[in-house]
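Data first, discussion second: the structure below is written as structure tokens.
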Amino acid sequence: MARRLKILLAKAGLDGHDRGVKVVARALRDAGMEVVYTGLHQTPEQIVNAALQEDVDAVCLSILSGAHMTLFPRVKELMDEAGIGDTLLSGGGIIPDDDMEELQTQGVGRLFGPGSSLKSIVEYFEEEIPRRRELR
Amino acid sequence: MGRLTLDDLVEGVVAGDRRCLGRAITTVEEGDETSWSLLKRLSPHIGSALRVGITGPPGAGKSTLADALVRELRTRDLGVGVIAVDPSSPFTGGALLGDRVRMLRATEDPEVFVRSMASRGCLGGLARTTQEAADVLDAAGKDIVLFETVGVGQSELTVASACDLTIVVLVPEAGGMVQAMKAGVMEIADMFVVNKADRPGADEMEFQLVDASRYLISDGRRPPVLKTSALKDEGLAALADEVLQYREWLHQGDRLELRRKAQAKTRIRELVRSALEEKFWSQAGVDESLSVAAETFRQGEQSLLEVAQSFWLSVREQIAVSDIS
Ligand SMILES: Nc1nc2c(ncn2[C@@H]2O[C@H](COP(=O)(O)OP(=O)(O)OP(=O)(O)O)[C@@H](O)[C@H]2O)c(=O)[nH]1
């Protein structure tokens, strides 16, 4: 049997809303994935530390505070330094389309806005992760 | 970057590299051939960590206490690993992990290696490969490996058989529980902690436990009773002292060797049991025979034991389980 997909969900930065991320966590679990939720107010260092220790297939940031243009690149940078730059970095929140595109050129995976369906998130991981596992 | 080879993993684990450690635990979680080769190569480095299980009723403050204890141990420059087990969904196999531990302050310290594991169909509060994950942390030079589990039913016993030191955590309100406590739970305690000692009733609880511990003397040692307030960070230094004293005690004579041998027996027995069971039920024809037996039983003329016996006789010939790998 293929190894289960393991996903890290993190709330980075200052915003204190985790209803959305918990809904996503349950949807991923119900799709058969193992989900590690870090809790609120995680620093990029803590997030990458957790990603290393948990050896996850994807790191997902939920950012509603507007700080995505600093947090995503910072986490990406730390992941590269730690040798897990091939691991998927994805996430969601309130992120304008232009910013999403810009982040994608920096090596961030697909990002999901507030209207995204849970199904589309699940499908994205199911498709993207097996491809990436070849590299890890 | 790029893929990690077995050599990389062995080297990286021994050097304490976080990425290699993380990957090595994923590898042993699979329980496949690579996993056993990895552990075999790590084995010269395995054996010096003290494996500590913290158990007790839900809400006793086990996570909070573990967090405070880890931070106390860190002030003494000890390397610490934490393995937190959460249940997998029996329906989808998915799991929500580390909800409790990942929020704790100890996780801010990159030297504390915290790993969540899904139980993956294993009952009893531990995952099938929890011990192997602990082996990896042991090989990485951690001095203490803490097991954090969800308290459910039989889990206390499973945890105890996997640990060098079992700490049973109770709260002041549990007064009446000492007498009523399930047989076997008191006996597994190498140490008692009355947590939430900031609340009324802690002294009374302590008194009851000290009294009860008279009957729990084993190998000349009476389980000590400590009071802590994990929330207020009180009593943690004394608890850490006690843990380290226990470690010394365990290293005297052949105590450690005896414990480790008993643990090895449990692990081998468990591996044989699960492998045999899996092989048996997947043999051709076994499932059909089981259906036939179930129908016979439903007709109501034979007892369950009779049905089970004839089922066994009918499949016994067919089974050929010669090796378990
Ligand atoms: N007053 C007081 N409350 C505490 C203390 N330690 C923990 N708590 C509280 O007790 C509650 C349960 O703590 P946890 O650490 O989650 O308990 P647990 O035993 O791990 O719980 P399960 O994971 O459900 O088995 C939390 O609200 C803690 O803040 C303490 O020393 N004093």
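Here, A, B, ... name the chains of the structure tokens in the order displayed, residue numbers run from 1 inside each chain, and ligands are numbered from 1 in the same displayed order.
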Do me a favour and pick out the residues of chain B within 8 Å of chain A, using only C-alpha atoms, as a PyMOL selection string. chain B and resi 1-4+18-19+21-23+26+30+92-99+102-103+107-108+110+113-116+118
For B:Ser63, list every protein, DNA or RNA residue within 12 Å, evaluated using only C-alpha atoms, and leave out those in the same chain fewer than 2 positions away; present the list as a PyMOL selection string. chain B and resi 53-61+65-70+82-85+98-106+146-151+169+195+230-231
Residues within 10 Å of B:Glu204, only C-alpha atoms, excluding chain neighbours under 5 positions, as an MDAnalysis selection string: chainID B and resid 172:173 175 209:210
Give me, as a PyMOL selection string, the residues of stretch 103-305 of chain B that a backbone DSSP run labels strand (DSSP E). chain B and resi 112-118+144-148+165-170+191-194+225-227
Convert the current residue selection to file output with N, CA, C and O atoms, as an mmCIF file, in the first residue's frame.
data_model
loop_
_atom_site.group_PDB
_atom_site.id
_atom_site.type_symbol
_atom_site.label_atom_id
_atom_site.label_comp_id
_atom_site.auth_asym_id
_atom_site.auth_seq_id
_atom_site.Cartn_x
_atom_site.Cartn_y
_atom_site.Cartn_z
ATOM 1 N N VAL B 112 14.565 20.045 20.810
ATOM 2 C CA VAL B 112 13.606 19.039 21.275
ATOM 3 C C VAL B 112 12.942 18.456 20.026
ATOM 4 O O VAL B 112 12.262 19.166 19.294
ATOM 5 N N PHE B 113 13.155 17.191 19.797
ATOM 6 C CA PHE B 113 12.592 16.580 18.596
ATOM 7 C C PHE B 113 11.213 16.018 18.918
ATOM 8 O O PHE B 113 11.075 15.087 19.703
ATOM 9 N N VAL B 114 10.201 16.607 18.301
ATOM 10 C CA VAL B 114 8.828 16.183 18.575
ATOM 11 C C VAL B 114 8.250 15.539 17.329
ATOM 12 O O VAL B 114 8.247 16.137 16.260
ATOM 13 N N ARG B 115 7.772 14.337 17.463
ATOM 14 C CA ARG B 115 7.223 13.644 16.308
ATOM 15 C C ARG B 115 5.841 13.100 16.636
ATOM 16 O O ARG B 115 5.661 12.427 17.643
ATOM 17 N N SER B 116 4.876 13.401 15.776
ATOM 18 C CA SER B 116 3.547 12.816 15.957
ATOM 19 C C SER B 116 3.446 11.563 15.112
ATOM 20 O O SER B 116 4.022 11.488 14.028
ATOM 21 N N MET B 117 2.715 10.602 15.612
ATOM 22 C CA MET B 117 2.495 9.375 14.851
ATOM 23 C C MET B 117 1.011 9.031 14.881
ATOM 24 O O MET B 117 0.355 9.195 15.900
ATOM 25 N N ALA B 118 0.526 8.539 13.754
ATOM 26 C CA ALA B 118 -0.841 8.034 13.715
ATOM 27 C C ALA B 118 -0.809 6.570 14.133
ATOM 28 O O ALA B 118 0.139 5.854 13.814
ATOM 29 N N ILE B 144 16.594 11.289 26.754
ATOM 30 C CA ILE B 144 15.266 10.910 27.235
ATOM 31 C C ILE B 144 14.303 10.910 26.056
ATOM 32 O O ILE B 144 14.293 11.846 25.263
ATOM 33 N N VAL B 145 13.521 9.840 25.936
ATOM 34 C CA VAL B 145 12.441 9.831 24.943
ATOM 35 C C VAL B 145 11.127 9.707 25.703
ATOM 36 O O VAL B 145 10.914 8.753 26.450
ATOM 37 N N LEU B 146 10.257 10.691 25.519
ATOM 38 C CA LEU B 146 8.959 10.696 26.204
ATOM 39 C C LEU B 146 7.874 10.193 25.273
ATOM 40 O O LEU B 146 7.795 10.614 24.121
ATOM 41 N N PHE B 147 7.008 9.327 25.773
ATOM 42 C CA PHE B 147 5.844 8.884 25.008
ATOM 43 C C PHE B 147 4.606 9.601 25.514
ATOM 44 O O PHE B 147 4.336 9.599 26.706
ATOM 45 N N GLU B 148 3.885 10.183 24.598
ATOM 46 C CA GLU B 148 2.643 10.883 24.901
ATOM 47 C C GLU B 148 1.536 10.168 24.173
ATOM 48 O O GLU B 148 1.562 10.080 22.951
ATOM 49 N N LEU B 165 10.437 3.673 32.212
ATOM 50 C CA LEU B 165 9.875 4.384 33.357
ATOM 51 C C LEU B 165 8.456 4.800 33.018
ATOM 52 O O LEU B 165 8.225 5.461 32.005
ATOM 53 N N THR B 166 7.507 4.391 33.850
ATOM 54 C CA THR B 166 6.120 4.777 33.628
ATOM 55 C C THR B 166 5.678 5.726 34.738
ATOM 56 O O THR B 166 5.744 5.389 35.912
ATOM 57 N N ILE B 167 5.253 6.906 34.340
ATOM 58 C CA ILE B 167 4.766 7.899 35.297
ATOM 59 C C ILE B 167 3.248 7.941 35.202
ATOM 60 O O ILE B 167 2.697 8.183 34.128
ATOM 61 N N VAL B 168 2.572 7.658 36.303
ATOM 62 C CA VAL B 168 1.113 7.731 36.322
ATOM 63 C C VAL B 168 0.704 9.072 36.927
ATOM 64 O O VAL B 168 1.088 9.400 38.039
ATOM 65 N N VAL B 169 -0.056 9.833 36.148
ATOM 66 C CA VAL B 169 -0.464 11.176 36.565
ATOM 67 C C VAL B 169 -1.916 11.159 37.042
ATOM 68 O O VAL B 169 -2.802 10.650 36.353
ATOM 69 N N LEU B 170 -2.146 11.693 38.239
ATOM 70 C CA LEU B 170 -3.505 11.800 38.771
ATOM 71 C C LEU B 170 -3.739 13.240 39.213
ATOM 72 O O LEU B 170 -2.807 14.038 39.247
ATOM 73 N N MET B 191 6.340 5.611 39.248
ATOM 74 C CA MET B 191 6.332 6.911 39.884
ATOM 75 C C MET B 191 4.918 7.490 39.755
ATOM 76 O O MET B 191 4.280 7.302 38.718
ATOM 77 N N PHE B 192 4.463 8.150 40.824
ATOM 78 C CA PHE B 192 3.157 8.824 40.743
ATOM 79 C C PHE B 192 3.354 10.325 40.762
ATOM 80 O O PHE B 192 4.220 10.834 41.468
ATOM 81 N N VAL B 193 2.517 11.008 40.000
ATOM 82 C CA VAL B 193 2.517 12.464 40.079
ATOM 83 C C VAL B 193 1.086 12.923 40.365
ATOM 84 O O VAL B 193 0.149 12.522 39.670
ATOM 85 N N VAL B 194 0.925 13.721 41.432
ATOM 86 C CA VAL B 194 -0.351 14.395 41.655
ATOM 87 C C VAL B 194 -0.203 15.757 40.997
ATOM 88 O O VAL B 194 0.451 16.651 41.522
ATOM 89 N N VAL B 225 5.909 9.467 45.262
ATOM 90 C CA VAL B 225 4.742 10.279 44.909
ATOM 91 C C VAL B 225 5.177 11.738 44.886
ATOM 92 O O VAL B 225 5.728 12.235 45.859
ATOM 93 N N LEU B 226 4.946 12.395 43.759
ATOM 94 C CA LEU B 226 5.355 13.798 43.654
ATOM 95 C C LEU B 226 4.155 14.677 43.390
ATOM 96 O O LEU B 226 3.166 14.218 42.811
ATOM 97 N N LYS B 227 4.272 15.912 43.810
ATOM 98 C CA LYS B 227 3.201 16.872 43.520
ATOM 99 C C LYS B 227 3.723 17.920 42.546
ATOM 100 O O LYS B 227 4.819 18.438 42.716
#
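Each of B:Glu242, B:Asp233, B:Glu111, B:Glu11 was compared to ligand 1 using only C-alpha atoms and all ligand atoms, and B:Asp233 turns out to be the nearest.
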Write out as a ChimeraX atom specification the set of residues from stretch 181-283 of chain B that DSSP, computed on the backbone, places in alpha helix (DSSP H). /B:202-213,236-250,255-282
Do a neighbour search on A:Asp98 at 12 Å with only C-alpha atoms, toss out local chain neighbours closer than 5 positions, and write the hits as a ChimeraX atom specification. /A:69,103-105,111
Which residues, written as a PyMOL selection string, have at least one atom at most 10 Å from B:Ala238, with only C-alpha atoms counted and residues fewer than 3 positions away on the same chain left out? chain B and resi 72+226-228+234-235+241-244
Provide the atom CA of A:Arg74 to atom CA of B:Arg71 distance in Å, to one decimal place.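 Spanning atom CA of A:Arg74 to atom CA of B:Arg71 is a straight-line distance of 27.5 Å.
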Of the candidates B:Trp36, B:Arg221, B:Arg128, B:Ala174, which one gets nearest to B:Glu206 if we count only C-alpha atoms? B:Ala174
Contacts of B:Asp7 at 10 Å (only C-alpha atoms; same-chain gap of 4+ positions) as a VMD selection string: chain B and resid 11 to 13 38 41
What's the 9 Å shell around B:Leu78, counting only C-alpha atoms, without same-chain residues fewer than 5 positions away, as a PDB file with all heavy atoms, in the first residue's frame?
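Result went into out-v3.pdb, see below:
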ATOM      1  N   LEU B  73      14.098  19.444  31.777  1.00  0.00           N
ATOM      2  CA  LEU B  73      15.219  18.583  31.394  1.00  0.00           C
ATOM      3  C   LEU B  73      16.186  19.318  30.474  1.00  0.00           C
ATOM      4  O   LEU B  73      17.392  19.116  30.515  1.00  0.00           O
ATOM      5  CB  LEU B  73      14.699  17.303  30.717  1.00  0.00           C
ATOM      6  CG  LEU B  73      13.927  16.338  31.619  1.00  0.00           C
ATOM      7  CD1 LEU B  73      13.205  15.291  30.785  1.00  0.00           C
ATOM      8  CD2 LEU B  73      14.856  15.661  32.626  1.00  0.00           C
ATOM      9  N   LYS B 142      19.511  11.128  21.847  1.00  0.00           N
ATOM     10  CA  LYS B 142      18.615  11.728  22.842  1.00  0.00           C
ATOM     11  C   LYS B 142      18.798  10.987  24.168  1.00  0.00           C
ATOM     12  O   LYS B 142      18.899   9.765  24.198  1.00  0.00           O
ATOM     13  CB  LYS B 142      17.151  11.630  22.391  1.00  0.00           C
ATOM     14  CG  LYS B 142      16.841  12.409  21.116  1.00  0.00           C
ATOM     15  CD  LYS B 142      17.052  13.894  21.292  1.00  0.00           C
ATOM     16  CE  LYS B 142      16.775  14.666  20.014  1.00  0.00           C
ATOM     17  NZ  LYS B 142      17.370  16.002  20.035  1.00  0.00           N
ATOM     18  N   ASP B 143      18.830  11.739  25.262  1.00  0.00           N
ATOM     19  CA  ASP B 143      18.991  11.111  26.572  1.00  0.00           C
ATOM     20  C   ASP B 143      17.663  10.570  27.091  1.00  0.00           C
ATOM     21  O   ASP B 143      17.622   9.558  27.784  1.00  0.00           O
ATOM     22  CB  ASP B 143      19.533  12.136  27.581  1.00  0.00           C
ATOM     23  CG  ASP B 143      20.868  12.691  27.122  1.00  0.00           C
ATOM     24  OD1 ASP B 143      21.839  11.917  27.125  1.00  0.00           O
ATOM     25  OD2 ASP B 143      20.933  13.878  26.731  1.00  0.00           O
ATOM     26  N   ILE B 144      16.594  11.289  26.754  1.00  0.00           N
ATOM     27  CA  ILE B 144      15.266  10.910  27.235  1.00  0.00           C
ATOM     28  C   ILE B 144      14.303  10.910  26.056  1.00  0.00           C
ATOM     29  O   ILE B 144      14.293  11.846  25.263  1.00  0.00           O
ATOM     30  CB  ILE B 144      14.735  11.930  28.275  1.00  0.00           C
ATOM     31  CG1 ILE B 144      15.763  12.223  29.365  1.00  0.00           C
ATOM     32  CG2 ILE B 144      13.373  11.502  28.819  1.00  0.00           C
ATOM     33  CD1 ILE B 144      15.633  11.495  30.639  1.00  0.00           C
TER      34      ILE B 144
END
Could you work out how far atom CA of B:Ala49 lies from atom CA of B:Ser213, giving the answer in Å with one decimal? 26.7 Å
